[in-house]
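Below is one structure, written out as structure tokens; comments come after it.
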Amino acid sequence: MKWTAADLTLEQKVGQMFICGFNALTPNEHAKILVEQYQVGGICYFRRNVETLPQLAELSEALQRMAEETHRIPLLISIDQEGGMVARIDHDGISRIPGNMALGAAGSVEDCYEVARIGARELRSLGVNMNFAPCLDVNNNPRNPVIGVRSFGEDPEAVAALGAASIRGYQEEGVSATAKHFPGHGDTSVDSHLGRAAVPHGRERLNRVELYPFIEAIKQGVDAIMTAHVSFPAIEPSDLPATLSRAVLTGLLREELGFEGLIVTDCLEMHAISKEYGIPEGAILAIQAGADCVLVSHTLSEQTAAINAVVEAVRSGRIPMAQIDAAVGRILALKARNAKLAADLPAQPEGRVSEETKQLLFDIAGRGVTLVKDEDRLPLQAEQPVAVIWPELLKATQVDEAWSKSYTLGNALRSRGVQADDVRVGTNMTDEEIEQALQAVKGYTQIVVATYTSESRLPEGQKKLVERLSELEGITLIVVATRNPYDLCDLPSVPTYLCTYENTPYYMQAAADVLLGKLKPGGRLPVGISETYPLGWSYNQNGAKR
């Protein structure tokens, strides 16, 4: 069936322009109000919506039935399944695909394409037809608190090439890709969940760095681009963030760059919008600026207030009806194209990860793990016990949440026949907890510290612990950065430093094999850590750059 904007009432048109979330495993009253009463065009899943894969598939089916019975227009069902450290689904039966920086360290366009195809097939089997990925931010700020390993790296050409391959993989398998965060969130030091960030560079630099991957994504035919709640004074001379700027969304993205797909806002409940403008006014301003889809992820009262505010803005003339019709036309065209593609593609059973896929993902992990330095500490002595200090996330943040299952570097070493004893600590240790950890590793001659930094700087407790361990004599000390490669900036004297870019099982298994001398790490730094360890650096066990 072909849907047109002319068939819809004003309320239905505006509803189609909203993508909203709710907190339940089944279609609760919140979901019913969104789909049946406000006839929203899309639903966004979070970890709160996932218990098992069959449950999630049934949720998608139930929501689509509800939409079919209400207005016969299917939903865009979306999710942030970027891979690596940003994955709403990590449950039994799903492939733990790598994140962008791990893929950037491997540097393979083919790997990115295959990983996206794997992810897309699994998402489609669960009823998800839009992924808010890939992240095309160029991470050239080591203290960026929100992008980091979500980026492929700091080289714009590499980000563009790897991102284009991911887009192709997702969309060939029937899942709309969403390049984000336009015009670029990589060179910021503020998390837009919490406040306003700005990128002060001029147009020449923006064209060469921040915008370049998005220009290539548009050439690739990306279905959607997500906006950044970040100010770009070289494009928008006022203080408006890109999400609310007509100069950015219409002048730059639509007219100058020629993008014809969907412009989707990042969530308006983020403080950069909600605290400064309010969500209803933010929705009006975003649509005036040129956004097609407005994302309001959590709160029903805010979602309905925003929808009602946009309806009234159209009635009062603040938003031209022609602009609404153009946006709805793009939304309906994408839905029709996705429906046809899904009908032509083979059905995908959920919950089955083939041995071939598992082997491929392990091989990709080995190609990405990066040995940065080694002062003759590798390999570990497999016949001797190893203490593995493992930081665990005890409190979720806007950019980090705990996995549904724990798999440690110690688990990986034990699976290789090594006596590896986990010393579990929090990511933010007190002095008392540091002393407890030091007591726990007494008597070990081999100690591996897994550092974990989810924001911009290695937590002080982890730094202190490594420094105290470095003072001990007669031990082999190795640091494995299991997320942020920049941890070395805070630990310059550690003798051996390995980067895995994520603490997911395949990367912990590859790291274990590197520590035991069974695998030569294939990765190169996708970001420069320092003058000593620049972009592209790797260090083999002979102490040579390659």
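Each chain in the structure tokens gets a letter, A, B and so on, in the order shown; residues start at 1 in every chain, and ligands are counted from 1 in the order they appear.
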Would you tabulate, counting only C-alpha atoms, all residues of stretch 52-170 of chain A that have an atom at most 12 Å from an atom of stretch 22-26 of chain A, showing the closest pair of atoms and their distance in Å to one decimal, sorted by chain then ascending number, as a Markdown table?
```
| residue | atom | partner | partner_atom | distance |
| --- | --- | --- | --- | --- |
| A:Thr52 | CA | A:Leu25 | CA | 9.5 |
| A:Leu53 | CA | A:Leu25 | CA | 11.1 |
| A:Pro54 | CA | A:Leu25 | CA | 11.1 |
| A:Gln55 | CA | A:Leu25 | CA | 7.4 |
| A:Leu56 | CA | A:Leu25 | CA | 7.4 |
| A:Ala57 | CA | A:Thr26 | CA | 10.5 |
| A:Glu58 | CA | A:Thr26 | CA | 8.3 |
| A:Leu59 | CA | A:Thr26 | CA | 5.6 |
| A:Ser60 | CA | A:Thr26 | CA | 9.1 |
| A:Glu61 | CA | A:Thr26 | CA | 10.4 |
| A:Ala62 | CA | A:Thr26 | CA | 8.1 |
| A:Leu63 | CA | A:Thr26 | CA | 8.8 |
```
Checklist entry - Just asking: which residues within stretch 129-255 of chain A are strand (DSSP E) according to DSSP, as a PyMOL selection string? => result chain A and resi 130-131+176-182+197-198+224-227+230-231
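Contact shell of A:Ile215 at 10 Å (only C-alpha atoms; same-chain neighbours under 2 positions omitted): Ala160, Asn207, Glu210, Leu211, Tyr212, Pro213, Ala217, Ile218, Lys219, Gln220, Leu253, Leu257, Gly258 and Phe259 of chain A.
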Checklist entry - Can you list, as a PyMOL selection string, every protein, DNA or RNA residue that comes within 12 Å of A:Pro320 when you count only C-alpha atoms, leaving out same-chain residues fewer than 3 positions away? => result chain A and resi 10+284+287-290+310-317+323-327
Please produce a file of those selected residues containing N, CA and C atoms, as a PDB file, in the first residue's frame.
```pdb
ATOM      1  N   LEU A  10      -4.288  16.600  10.141  1.00  0.00           N
ATOM      2  CA  LEU A  10      -3.140  17.320  10.694  1.00  0.00           C
ATOM      3  C   LEU A  10      -2.566  16.577  11.888  1.00  0.00           C
ATOM      4  N   ILE A 284       8.949  22.433  18.305  1.00  0.00           N
ATOM      5  CA  ILE A 284       8.529  23.421  17.300  1.00  0.00           C
ATOM      6  C   ILE A 284       9.740  23.985  16.574  1.00  0.00           C
ATOM      7  N   ILE A 287      11.395  21.470  14.141  1.00  0.00           N
ATOM      8  CA  ILE A 287      10.656  21.288  12.884  1.00  0.00           C
ATOM      9  C   ILE A 287      10.765  22.541  12.024  1.00  0.00           C
ATOM     10  N   GLN A 288      10.693  23.713  12.628  1.00  0.00           N
ATOM     11  CA  GLN A 288      10.920  24.939  11.859  1.00  0.00           C
ATOM     12  C   GLN A 288      12.292  24.927  11.197  1.00  0.00           C
ATOM     13  N   ALA A 289      13.275  24.374  11.908  1.00  0.00           N
ATOM     14  CA  ALA A 289      14.640  24.330  11.377  1.00  0.00           C
ATOM     15  C   ALA A 289      14.778  23.366  10.207  1.00  0.00           C
ATOM     16  N   GLY A 290      13.895  22.353  10.144  1.00  0.00           N
ATOM     17  CA  GLY A 290      13.961  21.398   9.045  1.00  0.00           C
ATOM     18  C   GLY A 290      13.958  19.944   9.454  1.00  0.00           C
ATOM     19  N   VAL A 310       3.121  21.198  18.592  1.00  0.00           N
ATOM     20  CA  VAL A 310       3.392  21.279  17.151  1.00  0.00           C
ATOM     21  C   VAL A 310       2.099  21.421  16.365  1.00  0.00           C
ATOM     22  N   VAL A 311       1.064  20.685  16.744  1.00  0.00           N
ATOM     23  CA  VAL A 311      -0.239  20.828  16.076  1.00  0.00           C
ATOM     24  C   VAL A 311      -0.716  22.275  16.156  1.00  0.00           C
ATOM     25  N   GLU A 312      -0.626  22.855  17.343  1.00  0.00           N
ATOM     26  CA  GLU A 312      -1.071  24.240  17.511  1.00  0.00           C
ATOM     27  C   GLU A 312      -0.178  25.202  16.732  1.00  0.00           C
ATOM     28  N   ALA A 313       1.113  24.916  16.638  1.00  0.00           N
ATOM     29  CA  ALA A 313       2.018  25.780  15.879  1.00  0.00           C
ATOM     30  C   ALA A 313       1.677  25.770  14.392  1.00  0.00           C
ATOM     31  N   VAL A 314       1.223  24.632  13.880  1.00  0.00           N
ATOM     32  CA  VAL A 314       0.795  24.578  12.477  1.00  0.00           C
ATOM     33  C   VAL A 314      -0.495  25.367  12.305  1.00  0.00           C
ATOM     34  N   ARG A 315      -1.423  25.178  13.224  1.00  0.00           N
ATOM     35  CA  ARG A 315      -2.707  25.888  13.128  1.00  0.00           C
ATOM     36  C   ARG A 315      -2.524  27.405  13.208  1.00  0.00           C
ATOM     37  N   SER A 316      -1.561  27.831  13.999  1.00  0.00           N
ATOM     38  CA  SER A 316      -1.348  29.274  14.166  1.00  0.00           C
ATOM     39  C   SER A 316      -0.479  29.873  13.071  1.00  0.00           C
ATOM     40  N   GLY A 317       0.105  29.040  12.238  1.00  0.00           N
ATOM     41  CA  GLY A 317       0.946  29.526  11.156  1.00  0.00           C
ATOM     42  C   GLY A 317       2.422  29.603  11.491  1.00  0.00           C
ATOM     43  N   GLN A 323       5.606  22.512   4.998  1.00  0.00           N
ATOM     44  CA  GLN A 323       6.785  21.896   5.605  1.00  0.00           C
ATOM     45  C   GLN A 323       6.416  20.577   6.273  1.00  0.00           C
ATOM     46  N   ILE A 324       5.256  20.542   6.909  1.00  0.00           N
ATOM     47  CA  ILE A 324       4.770  19.296   7.516  1.00  0.00           C
ATOM     48  C   ILE A 324       4.549  18.254   6.434  1.00  0.00           C
ATOM     49  N   ASP A 325       3.896  18.647   5.344  1.00  0.00           N
ATOM     50  CA  ASP A 325       3.611  17.689   4.264  1.00  0.00           C
ATOM     51  C   ASP A 325       4.889  17.128   3.655  1.00  0.00           C
ATOM     52  N   ALA A 326       5.895  17.992   3.493  1.00  0.00           N
ATOM     53  CA  ALA A 326       7.163  17.513   2.914  1.00  0.00           C
ATOM     54  C   ALA A 326       7.820  16.501   3.837  1.00  0.00           C
ATOM     55  N   ALA A 327       7.824  16.782   5.144  1.00  0.00           N
ATOM     56  CA  ALA A 327       8.435  15.859   6.100  1.00  0.00           C
ATOM     57  C   ALA A 327       7.684  14.536   6.131  1.00  0.00           C
TER      58      ALA A 327
END
```
Item to check | Nearest-residue call for A:Val527, choices A:Ala102, A:Ile97, A:Ile43, A:Val115, using only C-alpha atoms | outcome: A:Ala102
Checklist entry - Using only C-alpha atoms, which residues sit within 12 Å of stretch 336-340 of chain A once same-chain residues fewer than 4 positions away are excluded, as a ChimeraX atom specification? => result /A:1-4,72-77,124,127-130,170-177,223,329-332,344-345
Item to check | Contacts of A:Leu409 at 10 Å (only C-alpha atoms; same-chain gap of 6+ positions) as an MDAnalysis selection string | outcome: chainID A and resid 388:390 415 420:422 448:450 480 482 503:505 507:512
Item to check | d(atom CA of A:Gln348, atom CA of A:Ile118) in Å | outcome: 10.8 Å
Checklist entry - So which residues of stretch 41-231 of chain A fall under alpha helix (DSSP H) by DSSP, listed as a ChimeraX atom specification? => result /A:53-70,100-106,109-125,156-172,203-208,212-220
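Using only C-alpha atoms, the nearest neighbour of A:Tyr497 within the list A:Ser456, A:Val372, A:Gly410, A:Ile529 is A:Val372.
Residue nearest A:Met101 within the list A:Arg143, A:His229, A:Arg150, A:Lys518: A:Arg150 [criterion: smallest interatomic distance, only C-alpha atoms].
By chain and then residue number, the residues within 7 Å of A:Leu458 are Thr453, Gln462, Lys463, Asp487 and Asp490 of chain A, counting only C-alpha atoms and disregarding those fewer than 3 positions away in sequence.
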Mind dumping the selected residues with C-alpha atoms as a compact mmCIF listing (two decimals), in the first residue's frame?
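The resulting file, out_30.txt, is reproduced below:
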```txt
# COMPACT_ATOMS: atom_id res chain seq x y z
CA THR A 453 36.83 4.87 31.49
CA GLN A 462 41.79 3.44 39.14
CA LYS A 463 44.76 5.74 38.51
CA ASP A 487 43.92 5.94 29.71
CA ASP A 490 47.04 9.21 32.95
```
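Taking only C-alpha atoms into account, A:Ile147 lies nearest to A:Arg483 out of the set A:Glu255, A:Gly517, A:Arg468, A:Arg483.
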